Structures are given as C-alpha cells and as structure tokens.
Protein chains: 2
Amino acid sequence: MRIPLDRDGDEPLFRQIERWLRDDIVTGGLPPSTRLPSSRALADDLGVSRITVANAYAELDRDGLITSREGSGTFVAAPVAVLPHVPVSDGQSWPLWQREIRGSAVEDIAPSRHPHPDLIAFTGVGDPRMFPVNEFGRTIKEVLARDGTGALEYGAFDHGYGPLRETVVQLLASQGIHTDARQVMITSGSQQAIALTCQALLKPGDTVLVEQPTYNLALDLFREMGLAIVGVPVDEHGMRVELVEDLLQQHHPRLIYTIPNFQNPTGASLSTARRRRLLSLAARYNVAILEDDFVGDLRYEGRALPAIKALDHVGQVIYVGTFSKLLMPGLRVGFLVADGPILEGVGVLKQVHDLTTSPLMQRVIDRYVTVGRYQTHLRRTTRAYRARRDAMHNAVREFLPSATVAPSHGGLFTWLHLPGPVSTKTLVSHALDEGVDFAPGHRFFANPTDGEHFLRLNFATRTPDEILQGIQRLGLAVDRALEQRPGS
Amino acid sequence: MRIPLDRDGDEPLFRQIERWLRDDIVTGGLPPSTRLPSSRALADDLGVSRITVANAYAELDRDGLITSREGSGTFVAAPVAVLPHVPVSDGQSWPLWQREIRGSAVEDIAPSRHPHPDLIAFTGVGDPRMFPVNEFGRTIKEVLARDGTGALEYGAFDHGYGPLRETVVQLLASQGIHTDARQVMITSGSQQAIALTCQALLKPGDTVLVEQPTYNLALDLFREMGLAIVGVPVDEHGMRVELVEDLLQQHHPRLIYTIPNFQNPTGASLSTARRRRLLSLAARYNVAILEDDFVGDLRYEGRALPAIKALDHVGQVIYVGTFSKLLMPGLRVGFLVADGPILEGVGVLKQVHDLTTSPLMQRVIDRYVTVGRYQTHLRRTTRAYRARRDAMHNAVREFLPSATVAPSHGGLFTWLHLPGPVSTKTLVSHALDEGVDFAPGHRFFANPTDGEHFLRLNFATRTPDEILQGIQRLGLAVDRALEQRPGS
C-alpha cells in the first residue's frame with residue numbers, strides 16, 4: 001500500500017495516513033471487509049515507525065471505519081447504511097404521510113437556464129455591480145477586530161442587536177417615523193418580517209386585502225398560508241383607496257398589505273391623502289396594516305411622502321423595511337417596527353423559527369451605516385438608477401410603441417401594459433430566444449389570468465446600453481410572438 | 001447660527017452644513033416653523049460661499065425637512081408625524097385586533113441580568129473562546145476576494161449554495177448517511193429546519209411524540225403551533241422505545257421528534273437497537289421521524305452510532321444538522337436531509353419565509369470546512385470539551401453529593417437529578433445570588449412540573465477551574481435554598 005506522505009509539512013504523519021485511508025474508505029476505494037496490512041507491514045512500506053501506523057488505525061477504529069479481529073487482522077468495517085441511496089424519482093414507495101405535504105403551489109422563480117450566450121435579464125433586485133464589496137469586506141474586518149468572537153455569539157434574543165436597532169431608529173427619523181429601539185425588531189430580510197407578521201395575525205381561511213397587482217412572493221406566502229386574497233386595483237397614485245370600504249364590509253379582511261412607495265410591480269406611490277384615508281378606514285374596521293417599504297429610499301424625484309406608520313398614533317400599522325434591496329440582497333437583514341402586543345407575538349415567532357438573525361451581519365450593517373458609508377452608497381446608487389429608469393422609459397417608447405408605461409419616481413421596476421393578442425406568459429419563451437428575460441405579469445395577481453398583458457422590467461440591474469439592447473430584443477420577441485400565434 | 005465646519009476634512013462643506021441642520025431638525029433642536037437664516041446671511045456667518053449654503057438647503061428641501069415660502073424665507077417644515085410616539089405601556093388604546101395575537105407563552109431565555117460581578121453561567125451552547133475568529137475572518141476575506149459581489153447575491157433559490165450542499169454530503173458520508181446534494185437543503189440554523197419541517201407536516205391539534213425531557217425551544221415551537229405534545233421517558237440509552245408502540249396506538253402522532261446523539265438536555269444516546277426499532281415502528285404506523293443531530297460530531301469516547309437516517313431506505317426520516325453548535329452559534333447555518341415530497345414542501349416554505357440563508361455565510365462555511373479548518377477545529381474542541389465534561393462530573397460528585405448525574409459520552413450538557421424538597425426553579429435565584437447560572441429542568445418538559453428536580457449544566461462554555469468554582473457555588477446555593485424554604 002502506497003500512501004504519499006509529506007515529511008516536511010505541518011500535518012503529523014499519522015494524520016496523513018489516517019486521512020488517506022479515511023478518504024479511501026468513505027469513497028469506496030477500500031470496500032468493506034478489505035483486509036488492511038498489519039501496522040508493522042504498513043510501517044515498513046511507508047518507512048515510518050509502527051506506532052505512527054497504530055495511531056492512524058486507532059483513530060479509524062474509534063470512528064467505526066475499521067475493525068480489528070483478534071488474531072486475524074484489521075478490516076474495513078461494514079458501512080452503517082448497507083442499502084443504496086433512496087432513488088429520488090421513485091414516488092411509489094414514499095410513506096403515506098409524504099402524500100399530505102403542504103407547499104407545492106409556488107412557481108419556480110430561479111433564473112432561467114436558457115442557453116442564450118448573452119442574456120439580458122431584467123429580473124432580480126438591485127445591481128450587484130454597484131455594491132462596494134471592498135468597503136464591505138473592510139467593515140467585516142473592522143467588526144471582527146472590534147468584537148472578536150462576540151460578533152458570532154447569539155447575543156440576547158430580544159429582537160436583535162441593540163445598536164443596529166438604534167441605527168434603524170435614526171434612519172426612520174428622516175422618514176418621519178418617530179419611534180424608539182424597543183419598537184424595532186431585526187429580521188432575516190423583509191420577507192421574514194412579512195411572514196412572521198402574517199403568522200402572528202392570521203389563520204387559514206382569513207382574508208388579506210392587497211394591491212392588485214402586488215409582490216409575487218407575498219402572494220405565494222398568502223397562498224401557502226391558506227388565506228383568501230382580495231385585490232384592490234392600483235392607479236398612478238397607488239391603491240384605489242376609494243374602493244376599500246366596500247371591500248372591508250364585504251370580505252372582512254384581517255390584514256391590509258400595502259407597498260406604498262414605488263410599489264412592486266407597478267412603481268406607483270400611494271398619495272398622502274390616500275395614506276390618511278386608508279389608515280382611518282383600517283382603524284374604523286379594526287384591520288391591521290402591513291406597510292412594506294422595500295425601496296422607499298430609492299427616490300429619483302419629488303418629495304418623500306410620509307410613511308403610513310408615521311401617521312399612525314394607535315398601533316394600527318406594522319412597518320417593514322430592509323437593507324437587502326439597497327445594499328445587497330444577500331445580506332438578509334430587514335426590520336419591522338410595531339407597537340402593542342403584535343410586536344411581542346412576532347418576537348416569539350421569530351425565536352421559535354430561527355432564534356436570531358446573523359449577529360455578524362447585524363453588526364456589519366450597523367457599522368456600515370453609522371460610519372456614513374450607507375448614505376454615500378445611497379446617493380451614488382440613486383444617481384445611477386435614475387439614469388437607468390430614464391433609459392428604460394426611452395427604450396420602451398422607441399421599441400415597444402404599443403406598450404403603456406406606468407409612471408414611477410423611484411424604486412427598481414418599470415411596469416408595462418402590452419395590449420394585443422399575446423400573453424406575456426407566452427412572450428417569455430420568445431424573449432429568451434432573443435436573449436432577454438423579464439417577469440411576466442401573471443405572477444403578481446391573485447388571479448393570474450388578470451396579469452396576462454402586463455410585464456415587469458427591472459431597470460436597476462442593467463446599464464443604459466444593456467437596457468437599450470434588451471428592449472430592442474424584447475421588441476423583436478413581441479413581433480415573433482405575433483407572427484407565430486395560432487391563426488395569424 | 002454657528003455651525004462647526006471642518007475645512008480640512010474630506011466631507012464637502014455643504015454636506016457638513018446639511019448634516020448639522022438635519023440632525024438639529026430631526027432631534028427637535030430646531031422645532032417646526034423655525035425660520036432659518038437666508039442663504040446669504042448664513043454664508044456670511046460661516047465664511048463660505050452662498051452656493052454652498054444653497055446646496056445644503058436644497059438637500060434638506062428635497063427631503064421635506066425645510067420649506068421655502070416665496071418672499072418670506074426658509075422654515076423648518078412641520079414633521080409628518082405630529083403626535084408623539086405611541087406610549088408603549090398604555091395597553092388600553094390598542095386596536096381590538098391587537099388583543100388576539102398569537103405567541104406569548106415562551107419563557108424569556110435571555111441571559112440573566114443579575115448583577116453578580118463574576119457570574120459563572122452554565123448556559124449557552126459552545127465556548128466562543130474556542131472559536132478561531134482570525135481564521136474565520138481570513139476565510140471571509142478569501143471568499144470576498146474569490147467571489148466578489150457574487151458572494152452577496154441571492155443565487156438560485158433552490159435549496160442553498162451548491163458547493164456547501166456537496167460539502168454537507170461529504171461530512172455526512174463519514175456518519176454513514178449516503179445521500180446526494182439534491183436531498184440537502186441549507187437552512188438558517190437547525191431551528192429553522194425543525195420549524196419548517198413541522199409547518200410542512202403538521203397543523204394545529206396534531207400530536208408530536210418527543211423525548212421527555214427534550215430541547216426547550218422545540219417544545220416552545222410545538223406549543224406555539226398548537227400541537228399536542230406526548231412525551232416518552234428517557235433512560236441512559238435514550239428514548240425508551242419499548243413504550244412507543246402503545247403511545248402510537250393511543251395518540252396517533254404525526255411526527256416523532258428525537259435527538260438521538262447526546263440528547264438535549266440529558267446527554268443520553270439512543271442505542272442502535274432502539275434506533276432500528278423506532279424506525280420500524282414509525283414505518284408501521286406511518287409517522288415521520290425528525291432526527292435532530294445537533295452535536296453528533298462532539299463525541300468524547302465510544303463508537304459513533306448510525307444516524308437513524310442512515311438506516312432509512314424509504315424516506316421516513318428528516319435529518320437535521322447544524323454548524324452552529326460546533327463552530328459558533330451566530331453562524332446561523334444549518335441543514336436538512338430528506339427524501340420525497342417533504343423536501344419540496346420544506347423548500348417552498350423556506351422561500352416564502354425568508355427567501356434564502358445568507359449566501360455569504362454559506363460560502364464562508366463551505367470554504368472553512370473544505371480547506372480542512374473544520375476538522376482541525378473539531379479535534380481541538382473535542383479535546384477541550386472532554387476535559388470539561390470530566391471536570392463537571394468530578395465537581396458535582398464533590399460539591400453536590402446528593403445529585404445523580406446522567407452518564408454522557410459527548411455533547412454539551414450534564415443533566416442532574418437533585419432530589420429533595422427544593423425545586424430547581426426556586427434554586428435559580430439562590431444560584432444567581434451565589435454567582436452561578438444554569439437551566440432549570442422545568443423548561444425541558446411538556447408538563448413543566450415534571451422537571452422540578454432536574455437541572456441542566458452546560459460544561460462546554462467554561463474552563464475546568466471555572467467549573468470547579470461554579471459547582472462549589474451551586475452547592476452553597478442548594479444549602480441556602482434548603483435553609484430558607486418555608487417550614488425549615
């Protein structure tokens with residue numbers, strides 16, 4: 001038996017022997033019942049002392065990988081699992097309980113694996129190329145130097161890292177939300193804040209009122225929870241609040257879910273008058289408001305509108321924000337602001353669901369924001385995205401003249417209405433053939449067929465040149481789809 | 001108006017002026033309707049150009065913090081929220097829906113804030129002082145250098161970072177679990193894996209069979225979900241499986257939750273014969289098994305026992321593991337191995353609950369493990385914890401001679417039975433007075449009064465010297481509690 005040994009390295013020889021044998025046993029190179037050389041024979045072979053081999057064998061024996069039989073030698077042990085891996089595709093043999101599993105209604109939103117060599121995808125959230133990864137790496141290093149292993153301990157479970165909660169309070173003050181750190185809870189992204197709030201408030205069969213269209217993964221969550229979803233149409237001033245009172249009387253929802261700033265997917269912002277009216281309706285009909293402010297900071301023109309939470313003096317509104325959209329999606333740190341028993345309820349759910357959000361990421365974001373890097377990044381990002389939004393609007397006017405573009409003064413998305421016979425769900429495959437991807441409208445409607453002639457374009461992830469080229473391709477895809485439809 | 005300016009710094013003067021005014025407005029130093037000096041007057045005051053002040057005012061105006069009235073000057077704007085912050089303690093005024101919030105039954109497990117100057121807490125999970133924070137920081141740096149912003153993108157939602165899932169497969173192979181990466185899902189710690197599995201499988205009113213005692217936060221989760229909890233007593237070989245069949249017939253549970261290795265809190269390991277018997281009972285009665293292997297790697301003597309999942313050839317077992325206990329709790333990365341529809345169900349729930357687990361942490365852990373740092377760390381940790389376990393057992397024999405110590409060959413915990421009139425719930429406050437903390441037994445029982453004479457000590461977080469001193473203090477606390485009980 002030949003085992004390559006590094007006699008000048010740091011790793012003791014017995015460890016090298018052990019590791020080599022272990023790998024061979026685990027990967028099947030040395031099958032069960034293989035007889036190993038005696039420790040004396042292997043020691044001679046390798047030119048090491050017998051005790052070195054004996055030590056390696058002892059470690060493997062301790063882990064149950066080899067067995068020694070008195071007088072007859074040392075053998076590779078039988079593996080604890082003797083049968084091969086369960087065949088994944090054989091659905092016949094699953095236990096009965098496996099046939100009653102919840103959760104299978106969600107469309108796969110993984111990026112398309114279409115083989116176009118140069119796909120321009122108007123999907124995703126922010127542009128990773130904008131993110132100052134070096135500054136971020138420096139911030140991590142500073143935090144680890146400052147806090148040591150403390151940066152990786154659970155910390156107290158009480159609603160997140162204290163200084164970050166204080167920092168959130170400061171950020172919110174400039175948006176008119178006057179709160180204190182006790183009302184702030186850190187979550188694993190805003191998605192978790194939404195999910196926990198719904199779990200604390202709602203049970204299967206309850207009704208939720210949403211903008212129509214709205215954020216697809218909120219719809220998926222509501223569906224998964226077995227909620228009834230009632231949509232309120234959106235115009236250029238956001239949710240048409242004048243329709244809400246009738247719906248409240250008719251459907252008795254227990255929650256109103258709204259994205260008042262640069263709504264996903266329409267980009268519309270709810271006017272201040274509508275914000276006030278919605279809040280007063282919610283109070284009168286005893287319905288909670290879940291305010292999802294996922295990109296409120298990304299404003300390209302006009303005045304900031306007050307958060308609904310800033311108008312709330314009785315604890316009617318649960319406000320949700322995130323660092324994911326502006327900084328990087330992978331940070332997975334969001335927050336929630338609430339008053340009253342709901343905050344404690346969500347806190348308990350958070351604890352039993354995942355104990356706490358990454359303490360290291362919480363510390364890093366806190367430092368990143370407080371040393372002013374966030375504000376600088378925000379300014380730079382806003383400037384770039386504004387230009388991209390304009391490029392998108394211009395390109396659509398030029399290459400998709402039949403489309404109607406929803407006006408938008410911030411955020412990430414352009415929402416198009418594409419009249420005519422082609423559904424955007426069908427258009428996707430033509431678009432992929434031309435080398436462009438987008439989010440078809442049906443994903444954003446409680447009743448998917450309502451979205452057949454809409455599509456959402458993320459302008460933030462692409463440069464103006466890419467936008468021009470991508471929309472040109474989309475124009476070609478529309479022509480192609482029109483040509484190929486049955487009966488044309 | 002005097003604004004301190006740093007003329008040699010990096011920050012432009014207009015930003016300094018803007019920031020100073022913004023802070024004053026937000027904190028109330030400049031109340032609404034305060035008239036600001038004209039840009040010319042302030043420029044003269046500060047010795048800067050008029051355009052500098054005008055730029056600062058423009059930024060504040062853009063954010064709605066000041067308003068200019070033609071001909072009459074510039075004023076601090078009325079805040080969008082005119083009423084003060086909702087008083088947190090005034091429970092009378094909450095909206096009615098706030099009275100029906102779920103989730104309030106969980107005991108606060110935050111570390112005690114007792115003022116003992118030198119508290120020895122036998123609580124927590126692993127010892128942060130063992131964690132090689134510098135190596136970890138280096139790994140983060142390497143990953144950011146290698147992957148750039150890619151390390152912070154969502155990536156595909158499909159069950160986690162591919163290479164880490166492959167690495168988990170390799171780690172599991174040495175434990176006898178032969179699986180492939182398609183069956184592995186990355187979660188935000190094992191707590192999330194447990195919570196999602198329960199949500200995919202169970203609905204309120206369903207019954208879960210657990211070891212008695214068992215992990216307190218699993219009990220909290222089951223309670224929060226409205227499940228009925230049926231306990232099976234534990235002896236030195238783990239769950240008394242011979243009692244399970246009667247309980248299956250009597251209570252029709254839909255899930256068996258078990259911690260087969262170094263159980264929390266008892267430290268007992270389920271014998272191989274019992275593992276096989278439990279699996280065959282679960283198959284016969286159509287019940288899923290959730291196998292929580294939270295510290296299976298931390299073995300101090302004896303052979304590794306096969307995971308129940310390694311014996312499962314039909315998809316009966318959902319296996320849950322974590323990097324939190326061994327490395328650092330704050331990593332918040334765990335994993336789940338399952339076959340059949342349950343995996344897809346859990347995947348959908350994961351997505352609507354928090355989209356994905358920190359992609360950066362997934363990459364960092366993958367690199368940390370694959371470059372061999374994990375194995376080195378494991379060896380070092382095991383050696384240290386073994387000595388601490390021994391120190392704990394010796395100290396208990398010396399200073400708590402009336403206590404019975406449950407035998408344990410790995411993990412983090414020593415489980416004590418303390419006979420006599422004093423409940424461990426009462427003992428806690430005496431212990432804190434003496435400067436020692438522990439987890440009272442009632443937390444680990446479905447019926448808390450069953451745990452009154454038990455307590456759990458974490459030996460892993462403290463050095464042998466600290467353990468000696470802490471248990472000495474605990475002995476004094478017991479004496480004190482005996483003296484002070486009513487009627488003594």
# chains A, B, ... in the order shown; residues from 1 in each chain; ligands from 1
$ select_by_dssp --residues "stretch 22-203 of chain A" --states "alpha helix (DSSP H)" --output "PyMOL selection string"
chain A and resi 22-26+39-46+50-62+133-147+162-173+189-201
$ select_by_dssp --residues "stretch 192-272 of chain A" --states "strand (DSSP E)" --output "PyMOL selection string"
chain A and resi 207-212+228-235+238-239+255-258
$ closest_residue --among "A:Gly148, A:Gly372, A:Gly321, A:Pro421" --to "chain B" --atoms "only C-alpha atoms"
A:Gly148
$ atom_distance --atom1 "atom CA of B:Gly420" --atom2 "atom CA of B:Arg240"
25.5 Å
$ residues_around --residues "stretch 289-302 of chain A" --least-positions-apart "3" --cutoff "9 Å" --atoms "only C-alpha atoms" --output "PyMOL selection string"
(chain A and resi 175+190+194+197-198+254-264+278-279+282+307-309+316-326+378-379+381-383+385-386+408-412) or (chain B and resi 62-63)
$ residues_around --residues "A:Pro253" --least-positions-apart "5" --cutoff "8 Å" --atoms "only C-alpha atoms" --output "NGL selection string"
:A and (206-209 or 248 or 287)
$ residues_around --residues "B:Ala384" --least-positions-apart "6" --cutoff "9 Å" --atoms "only C-alpha atoms" --output "tab-separated table (two decimals) with N, CA, C and O atoms, in the first residue's frame"
chain	number	residue	atom	x	y	z
B	130	MET	N	-13.23	29.27	22.15
B	130	MET	CA	-12.57	28.23	21.36
B	130	MET	C	-12.55	28.57	19.86
B	130	MET	O	-11.90	27.91	19.08
B	460	ALA	N	-19.53	22.99	28.43
B	460	ALA	CA	-18.64	23.31	27.31
B	460	ALA	C	-18.19	24.77	27.31
B	460	ALA	O	-17.15	25.09	26.74
B	463	THR	N	-14.09	26.81	31.58
B	463	THR	CA	-12.85	26.07	31.81
B	463	THR	C	-13.00	25.18	33.04
B	463	THR	O	-13.88	25.42	33.89
$ decode --residues "stretch 212-231 of chain B" --atoms "N, CA, C and O atoms" --output "PDB file, in the first residue's frame"
ATOM      1  N   GLN B 212     -38.780  12.806  26.678  1.00  0.00           N
ATOM      2  CA  GLN B 212     -39.162  13.576  27.856  1.00  0.00           C
ATOM      3  C   GLN B 212     -38.078  13.382  28.892  1.00  0.00           C
ATOM      4  O   GLN B 212     -37.964  12.271  29.412  1.00  0.00           O
ATOM      5  N   PRO B 213     -37.256  14.369  29.130  1.00  0.00           N
ATOM      6  CA  PRO B 213     -37.291  15.766  28.655  1.00  0.00           C
ATOM      7  C   PRO B 213     -36.703  15.918  27.260  1.00  0.00           C
ATOM      8  O   PRO B 213     -36.077  15.001  26.752  1.00  0.00           O
ATOM      9  N   THR B 214     -36.905  17.130  26.688  1.00  0.00           N
ATOM     10  CA  THR B 214     -36.314  17.427  25.383  1.00  0.00           C
ATOM     11  C   THR B 214     -35.993  18.919  25.264  1.00  0.00           C
ATOM     12  O   THR B 214     -36.266  19.714  26.169  1.00  0.00           O
ATOM     13  N   TYR B 215     -35.414  19.267  24.129  1.00  0.00           N
ATOM     14  CA  TYR B 215     -34.952  20.627  23.804  1.00  0.00           C
ATOM     15  C   TYR B 215     -36.057  21.664  24.011  1.00  0.00           C
ATOM     16  O   TYR B 215     -37.112  21.586  23.399  1.00  0.00           O
ATOM     17  N   ASN B 216     -35.809  22.643  24.864  1.00  0.00           N
ATOM     18  CA  ASN B 216     -36.866  23.585  25.254  1.00  0.00           C
ATOM     19  C   ASN B 216     -37.426  24.400  24.092  1.00  0.00           C
ATOM     20  O   ASN B 216     -38.629  24.641  24.014  1.00  0.00           O
ATOM     21  N   LEU B 217     -36.574  24.807  23.136  1.00  0.00           N
ATOM     22  CA  LEU B 217     -37.107  25.632  22.056  1.00  0.00           C
ATOM     23  C   LEU B 217     -37.889  24.809  21.029  1.00  0.00           C
ATOM     24  O   LEU B 217     -38.685  25.364  20.276  1.00  0.00           O
ATOM     25  N   ALA B 218     -37.677  23.494  21.025  1.00  0.00           N
ATOM     26  CA  ALA B 218     -38.564  22.648  20.215  1.00  0.00           C
ATOM     27  C   ALA B 218     -39.934  22.590  20.891  1.00  0.00           C
ATOM     28  O   ALA B 218     -40.965  22.749  20.242  1.00  0.00           O
ATOM     29  N   LEU B 219     -39.937  22.428  22.205  1.00  0.00           N
ATOM     30  CA  LEU B 219     -41.213  22.443  22.932  1.00  0.00           C
ATOM     31  C   LEU B 219     -41.943  23.768  22.710  1.00  0.00           C
ATOM     32  O   LEU B 219     -43.156  23.790  22.475  1.00  0.00           O
ATOM     33  N   ASP B 220     -41.188  24.877  22.791  1.00  0.00           N
ATOM     34  CA  ASP B 220     -41.819  26.188  22.583  1.00  0.00           C
ATOM     35  C   ASP B 220     -42.440  26.274  21.189  1.00  0.00           C
ATOM     36  O   ASP B 220     -43.533  26.810  21.015  1.00  0.00           O
ATOM     37  N   LEU B 221     -41.718  25.766  20.200  1.00  0.00           N
ATOM     38  CA  LEU B 221     -42.243  25.765  18.830  1.00  0.00           C
ATOM     39  C   LEU B 221     -43.525  24.940  18.746  1.00  0.00           C
ATOM     40  O   LEU B 221     -44.536  25.389  18.186  1.00  0.00           O
ATOM     41  N   PHE B 222     -43.500  23.737  19.316  1.00  0.00           N
ATOM     42  CA  PHE B 222     -44.682  22.868  19.247  1.00  0.00           C
ATOM     43  C   PHE B 222     -45.872  23.540  19.936  1.00  0.00           C
ATOM     44  O   PHE B 222     -46.998  23.503  19.438  1.00  0.00           O
ATOM     45  N   ARG B 223     -45.605  24.165  21.075  1.00  0.00           N
ATOM     46  CA  ARG B 223     -46.694  24.865  21.782  1.00  0.00           C
ATOM     47  C   ARG B 223     -47.229  25.999  20.926  1.00  0.00           C
ATOM     48  O   ARG B 223     -48.438  26.186  20.786  1.00  0.00           O
ATOM     49  N   GLU B 224     -46.299  26.764  20.367  1.00  0.00           N
ATOM     50  CA  GLU B 224     -46.707  27.920  19.558  1.00  0.00           C
ATOM     51  C   GLU B 224     -47.565  27.472  18.377  1.00  0.00           C
ATOM     52  O   GLU B 224     -48.489  28.163  17.968  1.00  0.00           O
ATOM     53  N   MET B 225     -47.266  26.292  17.832  1.00  0.00           N
ATOM     54  CA  MET B 225     -48.027  25.789  16.686  1.00  0.00           C
ATOM     55  C   MET B 225     -49.336  25.123  17.084  1.00  0.00           C
ATOM     56  O   MET B 225     -50.076  24.659  16.223  1.00  0.00           O
ATOM     57  N   GLY B 226     -49.595  25.067  18.384  1.00  0.00           N
ATOM     58  CA  GLY B 226     -50.852  24.466  18.829  1.00  0.00           C
ATOM     59  C   GLY B 226     -50.860  22.951  18.726  1.00  0.00           C
ATOM     60  O   GLY B 226     -51.923  22.340  18.526  1.00  0.00           O
ATOM     61  N   LEU B 227     -49.706  22.326  18.844  1.00  0.00           N
ATOM     62  CA  LEU B 227     -49.630  20.869  18.770  1.00  0.00           C
ATOM     63  C   LEU B 227     -49.840  20.250  20.143  1.00  0.00           C
ATOM     64  O   LEU B 227     -49.525  20.861  21.163  1.00  0.00           O
ATOM     65  N   ALA B 228     -50.349  19.021  20.159  1.00  0.00           N
ATOM     66  CA  ALA B 228     -50.386  18.241  21.396  1.00  0.00           C
ATOM     67  C   ALA B 228     -49.039  17.529  21.521  1.00  0.00           C
ATOM     68  O   ALA B 228     -48.530  16.983  20.543  1.00  0.00           O
ATOM     69  N   ILE B 229     -48.455  17.567  22.715  1.00  0.00           N
ATOM     70  CA  ILE B 229     -47.122  17.004  22.917  1.00  0.00           C
ATOM     71  C   ILE B 229     -47.221  15.792  23.824  1.00  0.00           C
ATOM     72  O   ILE B 229     -47.743  15.880  24.935  1.00  0.00           O
ATOM     73  N   VAL B 230     -46.729  14.650  23.342  1.00  0.00           N
ATOM     74  CA  VAL B 230     -46.719  13.430  24.150  1.00  0.00           C
ATOM     75  C   VAL B 230     -45.270  13.036  24.388  1.00  0.00           C
ATOM     76  O   VAL B 230     -44.498  12.900  23.436  1.00  0.00           O
ATOM     77  N   GLY B 231     -44.897  12.862  25.656  1.00  0.00           N
ATOM     78  CA  GLY B 231     -43.508  12.569  25.991  1.00  0.00           C
ATOM     79  C   GLY B 231     -43.252  11.081  26.205  1.00  0.00           C
ATOM     80  O   GLY B 231     -44.099  10.370  26.748  1.00  0.00           O
TER      81      GLY B 231
END
